[in-house]
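*Asks:* Let me begin by handing over the structure; questions about it come next.
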Amino acid sequence: MKLATWNVNSLGVRLPQVLDWLSKDPLSQEQEVTPGSGVDVLAIQETKTTDDKFPAKELSDAGFHIAFHGQKTYNGVAILSKYPLENVVKNIPGFDDEMARVISATVNGVRVIGAYFPNGQAPDSEKFVYKMRWLTALHDWIKVELEKTPKMVLMGDFNITFDARDVWDPVSLEGTIHCTVEERAHLKALIDLGFTDAFREFDQAEKNYSWWDYREFAFKRNRGLRIDHILVSNQLRPNLTQCVIDKRPRKNERPSDHTPVIACFK
DNA sequence: ATGCCTCAGCTCCTGAGA
């Protein structure tokens with residue numbers, strides 16, 4: 001099983017790229033078309049589309065079961081899966097939120113949660129206050145969910161870096177949004193519920209990021225952040241065999257500013 | 001420096017992203 005997460009920054013714009021990527025082997029450098037070798041489950045963030053405009057037919061025709069939770073202009077999340085999606089839940093139950101940020105489903109006995117964490121804008125902003133509230137609500141909900149379904153994957157655009165390794169310039173960006181002590185404490189609290197950061201379970205090259213600003217040739221200069229993560233629960237961790245970031249879609253024409261992260265399980 | 005890109009929308013500017 002291959003699971004992946006990708007913030008596509010508008011599914012309306014990126015659908016052809018998503019379909020193309022799904023049809024190929026994300027681990028093959030040649031990127032040859034090998035049907036059936038693509039990812040089995042993809043969590044998508046920032047669909048930026050209402051449910052009535054979601055490209056359900058195109059994705060179903062490509063062979064995927066789909067669950068989606070969208071809104072106008074901003075946010076919006078979805079899960080695509082080659083296997084049936086059971087018990088779909090939208091957002092964090094009990095947390096009153098106008099924004100479509102979370103979608104969950106069970107796939108082959110694994111609880112898959114796809115999430116688009118709030119950006120937070122700046123540490124002294126109202127949006128940061130909302131981010132902290134949202135993170136607390138997520139933590140408290142995940143704690144209960146994990147007891148119910150110990151085989152769990154929590155993945156998505158976290159909008160938080162773990163440490164200096166995830167930041168292209170950790171000195172100048174220390175304490176800025178995505179790199180604050182408060183955000184990282186929340187991320188650690190999630191890990192402490194019983195998860196591991198799949199990416200760091202394996203040897204990785206240095207300066208490996210999942211997002212680059214559109215401006216200032218940031219991708220070409222590799223000025224990025226690793227803010228897209230796949231957290232694997234302790235009970236599922238022994239099955240984890242690989243975790244990679246696929247930078248190739250960031251080289252596309254009209255790319256998303258994020259690129260996919262993939263985790264493989266035996 | 002709050003712009004440099006990119007996207008959506010009450011669209012030829014603005015808000016937001018990260």
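Lettering and numbering for the structure tokens are positional, with chains as A, B, ... in the shown order, residues counted from 1 in each chain, and ligands counted from 1 in the shown order.
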What residues in chain B have any atom no more than 7 Å from chain A when counting only C-alpha atoms (C1' of nucleotides), and can you write them as a ChimeraX atom specification?

*Replies:* /B:4-5,8,18

*Asks:* Keeping only N, CA and C atoms (P, O5', C5', C4', C3', O3' and C1' of nucleotides), write those residues as a PDB file, in the first residue's frame.

*Replies:*
ATOM      1  P    DC B   4       4.376  42.523  -6.418  1.00  0.00           P
ATOM      2  O5'  DC B   4       5.506  41.440  -6.693  1.00  0.00           O
ATOM      3  C5'  DC B   4       6.753  41.884  -7.204  1.00  0.00           C
ATOM      4  C4'  DC B   4       7.763  40.784  -7.118  1.00  0.00           C
ATOM      5  C3'  DC B   4       7.241  39.394  -7.526  1.00  0.00           C
ATOM      6  O3'  DC B   4       8.094  38.881  -8.508  1.00  0.00           O
ATOM      7  C1'  DC B   4       8.519  39.259  -5.571  1.00  0.00           C
ATOM      8  P    DC B   5       7.515  38.066  -9.705  1.00  0.00           P
ATOM      9  O5'  DC B   5       6.817  36.827  -9.010  1.00  0.00           O
ATOM     10  C5'  DC B   5       5.821  36.207  -9.708  1.00  0.00           C
ATOM     11  C4'  DC B   5       5.630  34.816  -9.221  1.00  0.00           C
ATOM     12  C3'  DC B   5       4.396  34.229  -9.885  1.00  0.00           C
ATOM     13  O3'  DC B   5       4.603  32.853 -10.106  1.00  0.00           O
ATOM     14  C1'  DC B   5       4.009  34.464  -7.551  1.00  0.00           C
ATOM     15  P    DA B   8      -8.324  28.755  -9.044  1.00  0.00           P
ATOM     16  O5'  DA B   8      -9.256  29.669  -8.132  1.00  0.00           O
ATOM     17  C5'  DA B   8      -9.463  29.306  -6.779  1.00  0.00           C
ATOM     18  C4'  DA B   8     -10.411  30.286  -6.123  1.00  0.00           C
ATOM     19  C3'  DA B   8     -11.674  30.560  -6.937  1.00  0.00           C
ATOM     20  O3'  DA B   8     -12.784  30.583  -6.063  1.00  0.00           O
ATOM     21  C1'  DA B   8     -10.479  32.589  -6.596  1.00  0.00           C
ATOM     22  P    DA B  18      -0.797  27.564   2.727  1.00  0.00           P
ATOM     23  O5'  DA B  18       0.705  28.009   2.994  1.00  0.00           O
ATOM     24  C5'  DA B  18       1.649  27.879   1.957  1.00  0.00           C
ATOM     25  C4'  DA B  18       2.987  28.394   2.414  1.00  0.00           C
ATOM     26  C3'  DA B  18       3.452  27.895   3.779  1.00  0.00           C
ATOM     27  O3'  DA B  18       4.841  27.650   3.742  1.00  0.00           O
ATOM     28  C1'  DA B  18       3.426  30.251   3.782  1.00  0.00           C
TER      29       DA B  18
END

*Asks:* For Phe195 of chain A, please output as a PyMOL selection string all residues within 10 Å (counting only C-alpha atoms (C1' of nucleotides); exclusion window: fewer than 3 positions along the same chain).

*Replies:* chain A and resi 146+152-154+188-192+198+230-237

*Asks:* What does the file look like for those residues with N, CA and C atoms, as a CSV table (one decimal), in the first residue's frame?

*Replies:*
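Below is the file that was written, part37.csv:
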chain,number,residue,atom,x,y,z
A,146,LEU,N,-7.6,7.5,18.1
A,146,LEU,CA,-6.6,6.5,18.1
A,146,LEU,C,-6.8,5.3,19.0
A,152,MET,N,-3.5,3.9,12.3
A,152,MET,CA,-4.0,5.2,11.9
A,152,MET,C,-2.8,6.0,11.1
A,153,VAL,N,-3.2,6.7,10.1
A,153,VAL,CA,-2.3,7.6,9.4
A,153,VAL,C,-2.9,9.0,9.4
A,154,LEU,N,-2.1,9.9,10.0
A,154,LEU,CA,-2.6,11.3,10.0
A,154,LEU,C,-1.6,12.1,9.0
A,188,LYS,N,4.6,18.2,18.6
A,188,LYS,CA,5.1,17.2,19.5
A,188,LYS,C,4.0,16.5,20.3
A,189,ALA,N,3.0,17.3,20.7
A,189,ALA,CA,1.9,16.7,21.4
A,189,ALA,C,1.2,15.6,20.6
A,190,LEU,N,1.1,15.9,19.3
A,190,LEU,CA,0.4,14.9,18.4
A,190,LEU,C,1.3,13.6,18.3
A,191,ILE,N,2.6,13.8,18.1
A,191,ILE,CA,3.5,12.7,18.1
A,191,ILE,C,3.4,11.9,19.4
A,192,ASP,N,3.4,12.6,20.5
A,192,ASP,CA,3.3,11.9,21.8
A,192,ASP,C,2.1,11.1,22.1
A,198,ALA,N,6.9,9.7,9.6
A,198,ALA,CA,7.4,8.7,8.7
A,198,ALA,C,8.6,9.0,7.9
A,230,ILE,N,3.5,12.9,7.0
A,230,ILE,CA,2.7,11.7,7.2
A,230,ILE,C,3.1,11.1,8.6
A,231,LEU,N,2.1,11.1,9.5
A,231,LEU,CA,2.3,10.6,10.8
A,231,LEU,C,1.7,9.2,10.9
A,232,VAL,N,2.4,8.2,11.3
A,232,VAL,CA,2.0,6.8,11.3
A,232,VAL,C,1.9,6.4,12.8
A,233,SER,N,0.8,5.8,13.1
A,233,SER,CA,0.6,5.4,14.5
A,233,SER,C,1.5,4.2,14.9
A,234,ASN,N,1.8,4.1,16.2
A,234,ASN,CA,2.8,3.1,16.6
A,234,ASN,C,2.4,1.7,16.2
A,235,GLN,N,1.1,1.4,16.2
A,235,GLN,CA,0.7,0.1,15.8
A,235,GLN,C,0.9,-0.2,14.3
A,236,LEU,N,0.9,0.8,13.5
A,236,LEU,CA,1.1,0.6,12.1
A,236,LEU,C,2.6,0.8,11.7
A,237,ARG,N,3.3,1.3,12.6
A,237,ARG,CA,4.7,1.7,12.3
A,237,ARG,C,5.6,0.5,11.8

*Asks:* Using atom CA of Thr106 of chain A and atom CA of Val41 of chain A as the two end points, give the distance in Å to one decimal.

*Replies:*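 Value for the atom CA of Thr106 of chain A-atom CA of Val41 of chain A distance: 10.8 Å.
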
*Asks:* Env of Lys148 of chain A: 12 Å cut, atoms = only C-alpha atoms (C1' of nucleotides), seq-sep filter 3 positions within chain, self excluded. Answer as a PyMOL selection string.

*Replies:* chain A and resi 106+109-111+141-145+151-152

*Asks:* Mind giving me the straight-line distance from atom CA of Gly38 of chain A to atom CA of Leu59 of chain A in Å, one decimal?

*Replies:*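 These two atoms are separated by 13.9 Å.
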
*Asks:* Run DSSP on the backbone and tell me which residues of segment 61-191 of chain A come out as helix (DSSP H, G or I); list them as an NGL selection string.

*Replies:* :A and (61 or 126-148 or 164-166 or 181-191)

*Asks:* Those residues you just picked out, can you put them in a file as a compact mmCIF listing (two decimals), in the first residue's frame with C-alpha atoms?

*Replies:*
# COMPACT_ATOMS: atom_id res chain seq x y z
CA ASP A 61 -13.42 7.18 -14.07
CA GLU A 126 -5.81 36.41 15.21
CA LYS A 127 -5.22 33.61 12.70
CA PHE A 128 -2.46 32.25 14.94
CA VAL A 129 -4.90 32.19 17.86
CA TYR A 130 -7.29 30.19 15.66
CA LYS A 131 -4.43 27.86 14.67
CA MET A 132 -3.69 27.15 18.35
CA ARG A 133 -7.39 26.47 19.09
CA TRP A 134 -7.64 24.22 16.05
CA LEU A 135 -4.50 22.28 17.03
CA THR A 136 -5.86 21.71 20.54
CA ALA A 137 -9.16 20.45 19.14
CA LEU A 138 -7.36 18.16 16.68
CA HIS A 139 -5.17 16.72 19.46
CA ASP A 140 -8.08 15.99 21.77
CA TRP A 141 -10.08 14.37 18.97
CA ILE A 142 -7.16 12.30 17.62
CA LYS A 143 -6.46 11.01 21.13
CA VAL A 144 -9.94 9.46 21.27
CA GLU A 145 -9.88 8.27 17.64
CA LEU A 146 -6.55 6.52 18.10
CA GLU A 147 -7.97 4.49 20.97
CA LYS A 148 -10.83 3.42 18.71
CA ALA A 164 15.88 23.22 11.74
CA ARG A 165 16.36 20.38 9.23
CA ASP A 166 12.96 21.26 7.76
CA VAL A 181 7.94 27.12 19.65
CA GLU A 182 4.16 27.05 20.14
CA GLU A 183 3.44 25.34 16.82
CA ARG A 184 6.20 22.79 17.35
CA ALA A 185 4.90 22.03 20.85
CA HIS A 186 1.53 21.18 19.32
CA LEU A 187 3.21 18.97 16.73
CA LYS A 188 5.15 17.16 19.45
CA ALA A 189 1.93 16.69 21.42
CA LEU A 190 0.43 14.90 18.41
CA ILE A 191 3.53 12.70 18.10

*Asks:* Do you have the atom CA of Phe54 of chain A-atom CA of Leu27 of chain A distance handy?

*Replies:*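 Atom CA of Leu27 of chain A lies at a distance of 27.8 Å from atom CA of Phe54 of chain A.
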